[in-house]
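Listing of work-v4.csv; format and content: CSV, C-alpha atoms.
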chain,number,residue,atom,x,y,z
A,1,MET,CA,86.6,118.0,112.0
A,2,ALA,CA,85.8,121.2,110.2
A,3,THR,CA,87.1,123.2,113.2
A,4,ALA,CA,90.4,121.3,113.3
A,5,VAL,CA,90.9,121.5,109.6
A,6,GLY,CA,89.9,125.1,109.5
A,7,GLY,CA,92.6,125.8,112.1
A,8,MET,CA,95.2,124.1,110.0
A,9,ILE,CA,94.2,126.0,106.9
A,10,ALA,CA,94.4,129.3,108.8
A,11,ALA,CA,97.8,128.4,110.2
A,12,GLY,CA,99.1,127.2,106.9
A,13,SER,CA,97.7,129.8,104.6
A,14,GLY,CA,98.0,133.2,106.2
A,15,SER,CA,96.2,135.6,103.8
A,16,ALA,CA,95.5,132.8,101.4
A,17,GLY,CA,92.3,134.4,100.1
A,18,ALA,CA,94.0,137.6,99.1
A,19,SER,CA,97.1,135.9,97.6
A,20,GLY,CA,95.2,133.3,95.6
A,21,ARG,CA,97.4,130.5,97.0
A,22,SER,CA,96.0,127.1,98.0
A,23,PRO,CA,94.7,127.2,101.5
A,24,LEU,CA,96.9,124.2,102.2
A,25,SER,CA,100.0,125.8,100.7
A,26,GLY,CA,101.9,125.4,104.0
A,27,TYR,CA,101.5,121.7,104.0
A,28,ARG,CA,102.4,118.7,101.9
A,29,LEU,CA,100.2,115.6,101.7
A,30,VAL,CA,101.8,112.2,102.4
A,31,ASN,CA,99.9,109.0,101.6
A,32,LEU,CA,100.3,106.5,104.5
A,33,ALA,CA,98.3,103.6,102.8
A,34,HIS,CA,99.4,100.7,100.8
A,35,VAL,CA,97.7,100.0,97.5
A,36,ASN,CA,95.0,97.3,98.0
A,37,ASP,CA,96.2,94.6,95.6
A,38,PRO,CA,95.1,91.0,96.0
A,39,ASP,CA,98.5,89.9,94.6
A,40,ARG,CA,100.4,91.6,97.4
A,41,THR,CA,98.1,92.2,100.3
A,42,ASN,CA,98.9,90.1,103.3
A,43,VAL,CA,95.7,89.1,104.9
A,44,TYR,CA,95.5,88.5,108.7
A,45,PRO,CA,95.2,84.8,109.5
A,46,GLY,CA,91.5,83.9,109.7
A,47,ASP,CA,90.2,87.0,107.9
A,48,PRO,CA,88.2,86.8,104.7
A,49,ALA,CA,90.1,86.3,101.4
A,50,PHE,CA,90.6,89.5,99.4
A,51,THR,CA,89.6,89.3,95.7
A,52,LEU,CA,88.9,91.9,92.9
A,53,THR,CA,86.8,90.7,90.0
A,54,THR,CA,86.2,92.7,86.9
A,55,VAL,CA,82.5,93.1,86.4
A,56,THR,CA,82.3,95.4,83.4
A,57,THR,CA,84.7,96.9,80.9
A,58,VAL,CA,84.6,100.0,78.7
A,59,PRO,CA,84.7,98.2,75.4
A,60,GLU,CA,81.9,95.7,76.3
A,61,HIS,CA,79.7,97.7,78.6
A,62,GLY,CA,80.7,101.4,78.3
A,63,PHE,CA,82.2,101.6,81.8
A,64,TYR,CA,84.7,99.9,84.0
A,65,LEU,CA,83.8,98.4,87.4
A,66,GLN,CA,85.4,95.9,89.8
A,67,TYR,CA,83.7,93.8,92.5
A,68,ALA,CA,85.8,93.9,95.7
A,69,GLN,CA,85.4,91.2,98.3
A,70,GLN,CA,87.3,91.8,101.5
A,71,GLY,CA,87.1,92.1,105.3
A,72,GLU,CA,86.8,95.4,107.0
A,73,HIS,CA,90.4,95.1,108.2
A,74,THR,CA,92.1,94.3,104.8
A,75,GLY,CA,95.3,96.1,104.0
A,76,THR,CA,95.9,99.5,105.4
A,77,HIS,CA,92.9,100.1,107.6
A,78,TRP,CA,91.5,101.7,110.8
A,79,GLY,CA,89.7,99.9,113.6
A,80,ALA,CA,86.7,101.2,115.5
A,81,PRO,CA,86.2,100.7,119.3
A,82,ALA,CA,83.5,98.0,118.7
A,83,HIS,CA,86.1,95.8,117.1
A,84,PHE,CA,87.0,94.4,120.5
A,85,ASN,CA,84.4,95.8,122.9
A,86,ASP,CA,80.6,95.1,122.6
A,87,ASP,CA,79.8,98.3,124.6
A,88,GLN,CA,81.8,100.7,122.5
A,89,PRO,CA,81.0,102.7,119.3
A,90,TYR,CA,80.8,101.2,115.9
A,91,ALA,CA,82.4,103.0,112.9
A,92,ASP,CA,79.2,104.8,112.1
A,93,GLU,CA,78.9,106.0,115.7
A,94,LEU,CA,82.2,107.9,115.7
A,95,ASP,CA,82.5,111.7,115.2
A,96,ALA,CA,84.3,113.2,112.3
A,97,GLU,CA,86.8,114.7,114.7
A,98,ASP,CA,87.8,111.1,115.8
A,99,LEU,CA,89.4,110.6,112.3
A,100,PHE,CA,91.5,113.8,112.3
A,101,LEU,CA,94.4,113.7,114.8
A,102,ALA,CA,97.7,115.3,115.7
A,103,ALA,CA,100.4,112.6,115.0
A,104,VAL,CA,103.7,111.7,116.4
A,105,LYS,CA,106.0,109.0,115.2
A,106,ILE,CA,108.1,106.7,117.4
A,107,ASP,CA,111.0,105.1,115.5
A,108,VAL,CA,111.7,101.6,116.9
A,109,ARG,CA,113.2,100.1,113.7
A,110,GLN,CA,116.5,99.2,115.4
A,111,GLN,CA,114.8,97.6,118.4
A,112,ALA,CA,112.5,95.6,116.1
A,113,ALA,CA,115.4,94.5,113.9
A,114,ARG,CA,117.1,93.0,117.0
A,115,ASP,CA,113.9,91.6,118.5
A,116,ALA,CA,110.8,90.9,116.4
A,117,ASP,CA,108.7,90.6,119.6
A,118,TYR,CA,109.9,94.0,120.9
A,119,GLU,CA,107.3,95.8,123.0
A,120,VAL,CA,107.6,99.6,123.3
A,121,SER,CA,107.9,100.6,127.0
A,122,VAL,CA,106.9,103.6,129.1
A,123,ALA,CA,110.7,104.4,129.3
A,124,ASP,CA,110.9,104.4,125.5
A,125,LEU,CA,108.0,106.9,125.3
A,126,GLN,CA,109.6,109.1,128.0
A,127,ARG,CA,112.9,109.1,126.2
A,128,TRP,CA,111.2,110.1,123.0
A,129,GLU,CA,109.5,113.0,124.8
A,130,LYS,CA,112.8,114.2,126.2
A,131,GLN,CA,114.0,114.6,122.6
A,132,HIS,CA,110.8,115.8,120.9
A,133,GLY,CA,108.6,117.2,123.5
A,134,ARG,CA,105.3,116.0,125.1
A,135,ILE,CA,103.0,113.9,123.1
A,136,PRO,CA,99.8,116.0,122.5
A,137,ASN,CA,96.7,114.9,124.2
A,138,GLU,CA,94.3,112.8,122.0
A,139,ALA,CA,97.1,112.2,119.5
A,140,ALA,CA,97.8,109.4,117.0
A,141,VAL,CA,100.9,107.7,118.4
A,142,VAL,CA,102.5,105.9,115.4
A,143,LEU,CA,105.1,103.1,115.6
A,144,TRP,CA,107.6,102.9,112.8
A,145,THR,CA,108.9,99.3,113.1
A,146,GLY,CA,110.2,98.8,109.6
A,147,TRP,CA,107.6,96.1,108.9
A,148,GLU,CA,106.2,98.1,106.0
A,149,ASP,CA,109.3,97.0,104.0
A,150,ARG,CA,108.2,93.4,104.4
A,151,TRP,CA,104.7,94.1,102.9
A,152,GLY,CA,103.6,91.7,100.2
A,153,THR,CA,106.0,88.9,101.3
A,154,PRO,CA,105.9,86.0,103.8
A,155,ALA,CA,108.3,88.0,105.9
A,156,PHE,CA,105.5,90.3,106.9
A,157,PHE,CA,103.9,87.4,108.9
A,158,ASN,CA,107.3,86.3,110.2
A,159,TYR,CA,106.2,82.9,111.3
A,160,ASP,CA,108.6,80.6,113.2
A,161,ALA,CA,108.9,76.9,112.8
A,162,ALA,CA,106.0,76.3,115.1
A,163,GLY,CA,103.7,78.6,113.2
A,164,GLN,CA,103.9,81.5,115.7
A,165,MET,CA,103.8,84.9,114.2
A,166,HIS,CA,106.3,87.5,115.4
A,167,GLN,CA,105.7,91.2,115.1
A,168,PRO,CA,106.6,94.1,117.4
A,169,GLY,CA,104.1,96.5,119.1
A,170,PHE,CA,103.2,98.5,122.2
A,171,SER,CA,103.4,97.0,125.7
A,172,LEU,CA,100.3,97.1,127.7
A,173,GLU,CA,102.0,99.2,130.3
A,174,ALA,CA,103.0,101.8,127.7
A,175,VAL,CA,99.4,102.1,126.5
A,176,GLN,CA,98.0,102.3,130.0
A,177,TRP,CA,100.4,105.2,130.6
A,178,LEU,CA,99.3,106.9,127.4
A,179,VAL,CA,95.7,106.6,128.6
A,180,ASN,CA,96.3,107.6,132.2
A,181,THR,CA,98.1,110.8,131.2
A,182,GLY,CA,95.6,111.9,128.5
A,183,ARG,CA,98.0,111.4,125.6
A,184,LEU,CA,95.3,108.9,124.5
A,185,GLY,CA,92.2,110.6,125.8
A,186,ARG,CA,88.5,110.2,124.8
A,187,ARG,CA,89.9,110.1,121.3
A,188,GLY,CA,93.3,109.3,119.9
A,189,ALA,CA,94.9,106.4,118.1
A,190,LEU,CA,97.7,103.9,118.1
A,191,GLY,CA,99.3,103.4,114.6
A,192,THR,CA,101.7,100.9,113.3
A,193,ASP,CA,103.1,99.4,110.1
A,194,THR,CA,102.3,95.9,111.4
A,195,PHE,CA,99.0,94.0,111.6
A,196,SER,CA,98.2,95.2,115.1
A,197,PRO,CA,99.2,97.7,117.8
A,198,GLU,CA,100.2,94.9,120.2
A,199,SER,CA,103.0,92.4,119.6
A,200,ALA,CA,102.0,89.2,117.9
A,201,LEU,CA,102.7,87.3,121.1
A,202,ASP,CA,99.7,89.1,122.8
A,203,ALA,CA,97.2,86.4,121.9
A,204,GLU,CA,94.5,88.0,124.1
A,205,TYR,CA,94.8,91.4,122.3
A,206,GLN,CA,95.1,93.2,125.6
A,207,VAL,CA,96.5,96.4,124.0
A,208,SER,CA,93.7,96.6,121.5
A,209,LYS,CA,91.0,96.0,124.2
A,210,LEU,CA,92.4,98.9,126.2
A,211,LEU,CA,92.9,101.1,123.2
A,212,TYR,CA,89.4,100.7,121.8
A,213,ARG,CA,87.5,102.6,124.5
A,214,GLU,CA,85.6,105.8,124.2
A,215,HIS,CA,86.3,107.0,120.6
A,216,ARG,CA,89.9,105.8,120.2
A,217,ILE,CA,90.9,104.0,117.0
A,218,SER,CA,93.8,102.0,115.5
A,219,LEU,CA,95.7,102.7,112.3
A,220,GLU,CA,97.2,99.5,111.0
A,221,ILE,CA,99.5,98.4,108.2
A,222,LEU,CA,100.7,102.0,107.5
A,223,ALA,CA,103.0,102.8,104.7
A,224,ASN,CA,105.6,105.5,103.8
A,225,LEU,CA,106.4,106.3,107.4
A,226,ALA,CA,109.8,107.7,106.4
A,227,GLU,CA,107.8,110.7,105.2
A,228,LEU,CA,106.0,111.2,108.5
A,229,PRO,CA,108.0,113.5,110.8
A,230,PRO,CA,108.3,112.7,114.5
A,231,THR,CA,106.1,115.7,115.4
A,232,GLY,CA,104.0,118.4,113.8
A,233,ALA,CA,101.8,116.4,111.3
A,234,HIS,CA,98.1,115.7,111.4
A,235,ILE,CA,96.5,112.5,110.1
A,236,LEU,CA,93.2,112.3,108.3
A,237,VAL,CA,91.6,108.9,108.1
A,238,GLY,CA,89.2,107.9,105.3
A,239,GLY,CA,87.4,104.8,104.1
A,240,THR,CA,83.9,103.4,103.8
A,241,VAL,CA,81.8,103.8,107.0
A,242,ASN,CA,79.7,100.7,107.2
A,243,ARG,CA,76.6,100.5,109.4
A,244,ARG,CA,77.8,98.8,112.6
A,245,GLY,CA,81.3,98.7,111.1
A,246,SER,CA,84.4,97.4,112.9
A,247,GLY,CA,86.5,99.7,110.8
A,248,SER,CA,87.4,100.0,107.2
A,249,PRO,CA,90.1,99.6,104.6
A,250,ALA,CA,91.5,103.1,104.6
A,251,SER,CA,93.0,106.0,102.7
A,252,ILE,CA,95.1,107.7,105.4
A,253,TYR,CA,96.9,111.0,104.7
A,254,ALA,CA,99.3,113.0,106.7
A,255,PHE,CA,99.3,116.8,106.5
A,256,VAL,CA,103.0,117.6,107.0
A,257,PRO,CA,104.1,121.2,107.5
A,258,LYS,CA,106.5,122.4,104.8
A,259,ARG,CA,109.9,123.5,106.2
Will you turn the file into structure tokens for me?
Amino acid sequence: MATAVGGMIAAGSGSAGASGRSPLSGYRLVNLAHVNDPDRTNVYPGDPAFTLTTVTTVPEHGFYLQYAQQGEHTGTHWGAPAHFNDDQPYADELDAEDLFLAAVKIDVRQQAARDADYEVSVADLQRWEKQHGRIPNEAAVVLWTGWEDRWGTPAFFNYDAAGQMHQPGFSLEAVQWLVNTGRLGRRGALGTDTFSPESALDAEYQVSKLLYREHRISLEILANLAELPPTGAHILVGGTVNRRGSGSPASIYAFVPKR
């Protein structure tokens, strides 16, 4: 990651050392993560409950500390290849470069508003490229579905009367095309403001199983996607790296070039 970040700093700073400017003066940082709040965080069905318990306080103990109990995929998070594949890397087996990626944003809010089960097609991605240029190899391809506006409410789950959840996502064919063409290479990511990169109707998680190969990751339940441009940004993914981890609740930041 040092090489990639160094290149960004050099591109964004020019003669930063001589001028005394910040080495990232050519960029603004955008937070793409929701606040982890047990009163608002929608927990995926079947995942562990999320609680925060105050352990010590400044008046009583001299310092303040909370005890967090949560699954590795609580709130805004990233998923490691081992999340769905036994033979793929765990969180602690990834490289630092796997967590720093060029990013593109695909706006499907209108389609998702008409059809909550909408699946992004190869044709959708090709139309996007005609307007914005080719998706870089090994990129983070982020869907902006509008679901982030539902965060903290039952509408985020979007259950029907039979208890089926409805959320949009990538089609399996679209992800296979991204993989076959190198846009998702040995590393890369699928991002979304929903629970998962596939639509909620994909009960077999076919998209995730295909995505989580090599060193590719997911970025899920993203926030503030209005601030992420269609092209030109890079995403830096943070969070606790657990031994044999399946991922982590995350701090995710976009480095967005200033205009």
I need the residue nearest A:Leu190 from this list: A:Thr153, A:Ser171, A:Asn158, A:Ser22. Use only C-alpha atoms for the distance.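 Among the listed residues, the smallest separation from A:Leu190 belongs to A:Ser171.
For the choices A:Phe170, A:Phe100, A:Tyr27, A:Tyr44, the atom-to-atom distance to A:Val237 is smallest for A:Phe100 when using all atoms listed in the file.
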Looking at A:Leu236, A:Ile217, A:Ala96, A:Ala200, which one is nearest to A:Pro45, with distances taken over all atoms listed in the file? A:Ala200
By how many Å are atom CA of A:Val175 and atom CA of A:Tyr90 apart?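 Answer for the atom CA of A:Val175 to atom CA of A:Tyr90 separation: 21.4 Å.
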Enter the distance from atom CA of A:Phe195 to atom CA of A:Gly163, in Å, rounded to one decimal. 16.2 Å
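The space between atom CA of A:Ile221 and atom CA of A:Arg134 spans 25.1 Å.
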So which residues fall inside 12 Å of (112.3, 119.5, 107.7) if we count all atoms listed in the file? Mind giving them as number ranges by chain? A: 27-28, 227-233, 256-259
Counting all atoms listed in the file, which residues in stretch 109-194 of chain A sit no more than 7 Å from stretch 102-105 of chain A? For each one, give the nearest pair of atoms and the distance in Å, sorted by chain then residue number, as a tab-separated table.
residue	atom	partner	partner_atom	distance
A:Ala139	CA	A:Ala102	CA	4.9
A:Ala140	CA	A:Ala103	CA	4.6
A:Val141	CA	A:Val104	CA	5.3
A:Val142	CA	A:Lys105	CA	4.7
A:Leu143	CA	A:Lys105	CA	6.0
A:Trp144	CA	A:Lys105	CA	6.7
Just to be explicit: take each residue in the selection above, keep C-alpha atoms, and write the result as a PDB file, in the frame of the given file.
ATOM      1  CA  ALA A 139      97.100 112.200 119.500  1.00  0.00           C
ATOM      2  CA  ALA A 140      97.800 109.400 117.000  1.00  0.00           C
ATOM      3  CA  VAL A 141     100.900 107.700 118.400  1.00  0.00           C
ATOM      4  CA  VAL A 142     102.500 105.900 115.400  1.00  0.00           C
ATOM      5  CA  LEU A 143     105.100 103.100 115.600  1.00  0.00           C
ATOM      6  CA  TRP A 144     107.600 102.900 112.800  1.00  0.00           C
TER       7      TRP A 144
END
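Residues with any atom within 8 Å of A:Pro48, counting only C-alpha atoms and excluding same-chain neighbours fewer than 2 positions away, are Val43, Gly46, Phe50, Gln70 and Gly71 of chain A.
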Any chance you can output those residues with C-alpha atoms as a PDB file, in the coordinates of the input?
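Writing the result to result-v2.pdb gives the following:
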ATOM      1  CA  VAL A  43      95.700  89.100 104.900  1.00  0.00           C
ATOM      2  CA  GLY A  46      91.500  83.900 109.700  1.00  0.00           C
ATOM      3  CA  PHE A  50      90.600  89.500  99.400  1.00  0.00           C
ATOM      4  CA  GLN A  70      87.300  91.800 101.500  1.00  0.00           C
ATOM      5  CA  GLY A  71      87.100  92.100 105.300  1.00  0.00           C
TER       6      GLY A  71
END
Near-A:Trp151 list (8 Å; only C-alpha atoms; drop same-chain fewer than 5 positions) as JSON, numbers by chain: {"A": [40, 41, 42, 156]}
Please tell me which residues are no farther than 10 Å from (92.5, 97.2, 119.8) in the file, counting all atoms listed in the file, and write them as a list in words.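 So the residues meeting the distance criterion are Gly79, Ala80, Pro81, Ala82, His83, Phe84, Asn85, Ala189, Leu190, Ser196, Pro197, Glu198, Tyr205, Gln206, Val207, Ser208, Lys209, Leu210, Leu211, Tyr212, Arg213, Arg216, Ile217, Ser218 and Leu219 of chain A.
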Could you check which of A:Asn242, A:Gly146, A:Ser25, A:Leu125 is closest to A:Ala112, using only C-alpha atoms? A:Gly146
Out of A:Val120, A:Val35, A:Ala161, A:Ala203, which residue has the shortest atom-to-atom distance to A:Ala174 when counting all atoms listed in the file?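 For A:Ala174, the nearest of the given residues is A:Val120.
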Considering all atoms listed in the file, can you say which of A:Trp177, A:Phe63, A:Trp147, A:Tyr159 comes closest to A:Asp193?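 Closest candidate: A:Trp147.
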Spatial neighbours of A:Asn137, 10 Å, only C-alpha atoms, chain gap at least 3 places, as a PyMOL selection string: chain A and resi 101-102+134+140+178-179+181-188
Nearby residues (only C-alpha atoms) at most 10 Å from A:Gly239, same-chain spacing under 4 positions excluded, as a ChimeraX atom specification: /A:72,77-78,247-252
Residues within 12 Å of A:Asp160, please, as an MDAnalysis selection string. Count all atoms listed in the file; anything in the same chain fewer than 6 positions from it doesn't count. chainID A and resid 116:117 154 166:167 200:201
Because some atoms of stretch 121-135 of chain A are absent here, can you restore N, CA, C and O atoms and send them as an mmCIF file, in the frame of the given file?
data_model
loop_
_atom_site.group_PDB
_atom_site.id
_atom_site.type_symbol
_atom_site.label_atom_id
_atom_site.label_comp_id
_atom_site.auth_asym_id
_atom_site.auth_seq_id
_atom_site.Cartn_x
_atom_site.Cartn_y
_atom_site.Cartn_z
ATOM 1 N N SER A 121 108.111 100.370 125.586
ATOM 2 C CA SER A 121 107.900 100.600 127.000
ATOM 3 C C SER A 121 107.557 101.999 127.352
ATOM 4 O O SER A 121 107.698 102.908 126.527
ATOM 5 N N VAL A 122 107.149 102.223 128.589
ATOM 6 C CA VAL A 122 106.900 103.600 129.100
ATOM 7 C C VAL A 122 108.248 104.367 128.996
ATOM 8 O O VAL A 122 108.275 105.535 128.597
ATOM 9 N N ALA A 123 109.361 103.722 129.355
ATOM 10 C CA ALA A 123 110.700 104.400 129.300
ATOM 11 C C ALA A 123 111.004 104.816 127.876
ATOM 12 O O ALA A 123 111.577 105.890 127.669
ATOM 13 N N ASP A 124 110.646 104.006 126.890
ATOM 14 C CA ASP A 124 110.900 104.400 125.500
ATOM 15 C C ASP A 124 110.115 105.667 125.152
ATOM 16 O O ASP A 124 110.658 106.576 124.511
ATOM 17 N N LEU A 125 108.861 105.738 125.566
ATOM 18 C CA LEU A 125 108.000 106.900 125.300
ATOM 19 C C LEU A 125 108.575 108.148 126.008
ATOM 20 O O LEU A 125 108.588 109.259 125.458
ATOM 21 N N GLN A 126 109.021 107.970 127.234
ATOM 22 C CA GLN A 126 109.600 109.100 128.000
ATOM 23 C C GLN A 126 110.874 109.585 127.400
ATOM 24 O O GLN A 126 111.127 110.798 127.371
ATOM 25 N N ARG A 127 111.699 108.671 126.919
ATOM 26 C CA ARG A 127 112.900 109.100 126.200
ATOM 27 C C ARG A 127 112.605 109.866 124.969
ATOM 28 O O ARG A 127 113.261 110.865 124.643
ATOM 29 N N TRP A 128 111.596 109.400 124.229
ATOM 30 C CA TRP A 128 111.200 110.100 123.000
ATOM 31 C C TRP A 128 110.745 111.526 123.361
ATOM 32 O O TRP A 128 111.083 112.484 122.670
ATOM 33 N N GLU A 129 109.997 111.677 124.449
ATOM 34 C CA GLU A 129 109.500 113.000 124.800
ATOM 35 C C GLU A 129 110.644 113.930 125.247
ATOM 36 O O GLU A 129 110.564 115.150 125.032
ATOM 37 N N LYS A 130 111.690 113.399 125.836
ATOM 38 C CA LYS A 130 112.800 114.200 126.200
ATOM 39 C C LYS A 130 113.480 114.843 124.960
ATOM 40 O O LYS A 130 114.011 115.946 125.004
ATOM 41 N N GLN A 131 113.407 114.118 123.850
ATOM 42 C CA GLN A 131 114.000 114.600 122.600
ATOM 43 C C GLN A 131 113.063 115.479 121.799
ATOM 44 O O GLN A 131 113.482 116.483 121.206
ATOM 45 N N HIS A 132 111.774 115.123 121.778
ATOM 46 C CA HIS A 132 110.800 115.800 120.900
ATOM 47 C C HIS A 132 109.749 116.595 121.538
ATOM 48 O O HIS A 132 109.004 117.300 120.848
ATOM 49 N N GLY A 133 109.635 116.525 122.845
ATOM 50 C CA GLY A 133 108.600 117.200 123.500
ATOM 51 C C GLY A 133 107.388 116.311 123.849
ATOM 52 O O GLY A 133 107.312 115.170 123.376
ATOM 53 N N ARG A 134 106.466 116.820 124.644
ATOM 54 C CA ARG A 134 105.300 116.000 125.100
ATOM 55 C C ARG A 134 104.440 115.586 123.959
ATOM 56 O O ARG A 134 104.148 116.381 123.065
ATOM 57 N N ILE A 135 104.007 114.343 124.009
ATOM 58 C CA ILE A 135 103.000 113.900 123.100
ATOM 59 C C ILE A 135 101.704 114.607 123.308
ATOM 60 O O ILE A 135 101.231 114.667 124.448
#
